[in-house]
file input_26.csv (CSV, C-alpha atoms)
chain,number,residue,atom,x,y,z
A,452,MET,CA,72.1,93.7,115.3
A,453,LEU,CA,70.6,95.9,112.7
A,454,ALA,CA,71.4,99.7,113.0
A,455,ILE,CA,67.7,100.6,113.2
A,456,GLU,CA,67.2,98.1,116.1
A,457,ARG,CA,70.2,99.6,117.9
A,458,ILE,CA,68.8,103.2,117.5
A,459,LEU,CA,65.5,102.1,119.1
A,460,GLU,CA,67.4,100.4,121.9
A,461,ILE,CA,69.5,103.6,122.5
A,462,GLU,CA,66.4,105.8,122.5
A,463,GLU,CA,64.7,103.5,125.0
A,464,ALA,CA,67.7,103.4,127.3
A,465,PHE,CA,68.7,107.1,127.1
A,466,GLY,CA,65.9,109.1,125.6
A,467,GLU,CA,65.0,110.9,128.7
A,468,LYS,CA,68.6,111.4,129.8
A,469,ILE,CA,69.7,113.2,126.6
A,470,GLN,CA,68.8,116.4,124.7
A,471,GLY,CA,68.6,114.7,121.3
A,472,LEU,CA,69.9,112.0,119.0
A,473,VAL,CA,70.9,112.6,115.4
A,474,PRO,CA,71.6,109.6,113.1
A,475,LEU,CA,74.4,110.3,110.6
A,476,GLU,CA,74.6,106.9,108.9
A,477,LEU,CA,72.7,103.6,109.2
A,478,ASP,CA,74.0,100.8,107.1
A,479,GLY,CA,73.0,97.2,107.9
A,480,GLU,CA,74.7,96.5,111.1
A,481,SER,CA,76.8,99.7,111.2
A,482,LEU,CA,75.7,103.1,112.6
A,483,ARG,CA,77.1,106.5,113.3
A,484,LEU,CA,75.2,109.1,115.3
A,485,ILE,CA,75.5,112.0,117.7
A,486,LEU,CA,73.9,112.1,121.1
A,487,TYR,CA,73.4,115.6,122.4
A,488,LEU,CA,73.6,115.7,126.2
A,489,LYS,CA,71.8,118.0,128.5
A,490,ASP,CA,75.0,119.7,129.7
A,491,GLY,CA,75.8,120.9,126.2
A,492,THR,CA,78.4,118.3,125.4
A,493,ASN,CA,77.9,115.6,122.7
A,494,LEU,CA,78.9,112.0,122.2
A,495,ARG,CA,79.9,110.8,118.7
A,496,VAL,CA,79.0,107.1,118.4
A,497,THR,CA,80.1,104.6,115.8
A,498,GLU,CA,79.3,100.9,116.2
A,499,GLN,CA,79.7,97.9,113.9
A,500,TRP,CA,77.8,94.7,114.8
A,501,SER,CA,77.9,91.1,113.6
A,502,GLU,CA,74.5,89.7,114.7
A,503,LYS,CA,74.5,90.3,118.5
A,504,THR,CA,78.3,90.9,118.9
A,505,LEU,CA,79.8,94.4,118.9
A,506,LYS,CA,82.9,94.1,116.7
A,507,ARG,CA,84.1,97.7,116.4
A,508,TYR,CA,83.2,100.8,118.4
A,509,ASN,CA,84.3,104.4,119.1
A,510,TYR,CA,82.6,106.8,121.4
A,511,TYR,CA,84.0,110.3,121.4
A,512,TRP,CA,82.7,112.7,124.1
A,513,LEU,CA,83.2,116.3,123.1
A,514,THR,CA,82.7,119.6,124.7
A,515,SER,CA,80.2,122.1,123.4
A,516,ALA,CA,83.1,123.6,121.3
A,517,ASN,CA,83.8,120.0,120.0
A,518,ALA,CA,87.1,119.6,121.9
A,519,LEU,CA,87.8,116.1,123.1
A,520,LYS,CA,87.0,115.2,126.7
A,521,ILE,CA,87.4,111.4,126.4
A,522,GLY,CA,87.3,109.1,123.4
A,523,TRP,CA,86.9,105.3,123.8
A,524,ASP,CA,87.6,102.9,121.0
A,525,ASN,CA,88.9,99.5,120.0
A,526,ALA,CA,91.0,100.3,117.0
A,527,PRO,CA,93.8,97.8,117.0
A,528,HIS,CA,96.8,100.3,117.0
A,529,HIS,CA,97.9,100.6,120.6
A,530,THR,CA,99.4,97.1,121.2
A,531,ARG,CA,101.4,98.1,124.3
A,532,LEU,CA,98.3,98.6,126.5
A,533,ALA,CA,97.4,95.6,128.7
A,534,ASN,CA,93.8,95.3,127.5
A,535,PHE,CA,94.5,95.9,123.8
A,536,PRO,CA,92.6,96.8,121.7
A,537,ASP,CA,90.3,98.6,124.2
A,538,HIS,CA,91.6,102.0,125.1
A,539,LYS,CA,90.6,105.6,125.7
A,540,HIS,CA,92.1,109.0,124.8
A,541,VAL,CA,91.7,111.5,127.8
A,542,GLY,CA,91.7,115.2,127.0
A,543,GLY,CA,93.6,114.6,123.7
A,544,ARG,CA,94.4,111.8,121.3
A,545,GLU,CA,98.0,111.5,122.6
A,546,ASN,CA,96.9,110.8,126.2
A,547,LEU,CA,96.2,107.0,126.1
A,548,GLU,CA,94.8,104.9,129.0
A,549,GLN,CA,93.5,101.4,129.3
A,550,SER,CA,89.7,101.2,129.2
A,551,SER,CA,87.2,98.8,130.6
A,552,GLU,CA,84.3,100.7,129.1
A,553,THR,CA,83.6,98.8,125.9
A,554,SER,CA,80.0,99.6,125.2
A,555,LEU,CA,77.8,102.7,124.8
A,556,GLU,CA,76.0,101.7,128.0
A,557,ALA,CA,79.2,101.6,130.0
A,558,VAL,CA,80.4,105.0,128.5
A,559,MET,CA,77.0,106.6,129.2
A,560,GLU,CA,77.1,105.4,132.8
A,561,ILE,CA,80.4,107.3,133.2
A,562,ILE,CA,79.2,110.4,131.4
A,563,LEU,CA,75.8,110.6,133.1
A,564,SER,CA,77.2,110.0,136.6
A,565,GLY,CA,78.8,113.4,136.3
A,566,GLN,CA,75.7,115.1,134.9
A,567,LYS,CA,73.2,114.5,137.6
A,568,GLY,CA,71.1,117.6,138.0
A,569,MET,CA,72.6,119.4,135.0
A,570,THR,CA,70.6,121.1,132.4
A,571,ALA,CA,71.4,122.4,128.9
A,572,PRO,CA,73.2,125.7,128.9
A,573,ASP,CA,71.4,128.9,127.8
call {"tool": "encode", "arguments": {"input": "input_26.csv", "output": "structure tokens"}}
result
Amino acid sequence: MLAIERILEIEEAFGEKIQGLVPLELDGESLRLILYLKDGTNLRVTEQWSEKTLKRYNYYWLTSANALKIGWDNAPHHTRLANFPDHKHVGGRENLEQSSETSLEAVMEIILSGQKGMTAPD
């Protein structure tokens, strides 16, 4: 999937549910962007595609002060986890857990389920 196609797909799926989207890098089938959420947090997104298959991803959800809340990725460095390479860092990079959320859509479902009714801070 081309990065520009993915951006359009993300805007269609989440445009009304986020404060804003800032592309940082679009290169063929790779993209990096920031989604600014209505509660003041942000999600740093990196995806690498090969046609219609998501090959590499990381989604790092940060507080308004850019501290890590949860980071999901499939970097192949935590081989002891049962669902290697998919994992998440909860509250800090050293706190590893298995992860079944392996797409932006699944991650946003988790994030948005906790944001119902929230608005951006003053």
call {"tool": "residues_around", "arguments": {"input": "input_26.csv", "residues": "segment 471-482 of chain A", "least_positions_apart": "5", "cutoff": "12 Å", "atoms": "all atoms listed in the file", "output": "NGL selection string"}}
result
:A and (452-459 or 461-463 or 465-466 or 487-510 or 571)
call {"tool": "closest_residue", "arguments": {"input": "input_26.csv", "among": "A:Ile485, A:Leu555, A:Leu563, A:Leu547", "to": "Ile521 of chain A", "atoms": "all atoms listed in the file"}}
result
A:Leu547
call {"tool": "atom_distance", "arguments": {"input": "input_26.csv", "atom1": "atom CA of Lys539 of chain A", "atom2": "atom CA of Glu460 of chain A"}}
result
24.1 Å
call {"tool": "residues_around", "arguments": {"input": "input_26.csv", "residues": "Ala518 of chain A", "least_positions_apart": "6", "cutoff": "9 Å", "atoms": "only C-alpha atoms", "output": "ChimeraX atom specification"}}
result
/A:512,542-543
call {"tool": "write_last_selection", "arguments": {"input": "input_26.csv", "atoms": "C-alpha atoms", "output": "short mmCIF file (atom, residue, chain, number, x, y, z; two decimals), keeping the file's coordinate frame"}}
result
data_model
loop_
_atom_site.label_atom_id
_atom_site.label_comp_id
_atom_site.auth_asym_id
_atom_site.auth_seq_id
_atom_site.Cartn_x
_atom_site.Cartn_y
_atom_site.Cartn_z
CA TRP A 512 82.70 112.70 124.10
CA GLY A 542 91.70 115.20 127.00
CA GLY A 543 93.60 114.60 123.70
#
call {"tool": "atom_distance", "arguments": {"input": "input_26.csv", "atom1": "atom CA of Ala464 of chain A", "atom2": "atom CA of His540 of chain A"}}
result
25.2 Å
call {"tool": "atom_distance", "arguments": {"input": "input_26.csv", "atom1": "atom CA of His538 of chain A", "atom2": "atom CA of Ser550 of chain A"}}
result
4.6 Å
call {"tool": "closest_residue", "arguments": {"input": "input_26.csv", "among": "A:His528, A:Lys468, A:Lys520, A:Arg483", "to": "Asn546 of chain A", "atoms": "only C-alpha atoms"}}
result
A:Lys520
call {"tool": "closest_residue", "arguments": {"input": "input_26.csv", "among": "A:Asp537, A:Thr553, A:Met559, A:Ala526", "to": "Leu486 of chain A", "atoms": "all atoms listed in the file"}}
result
A:Met559
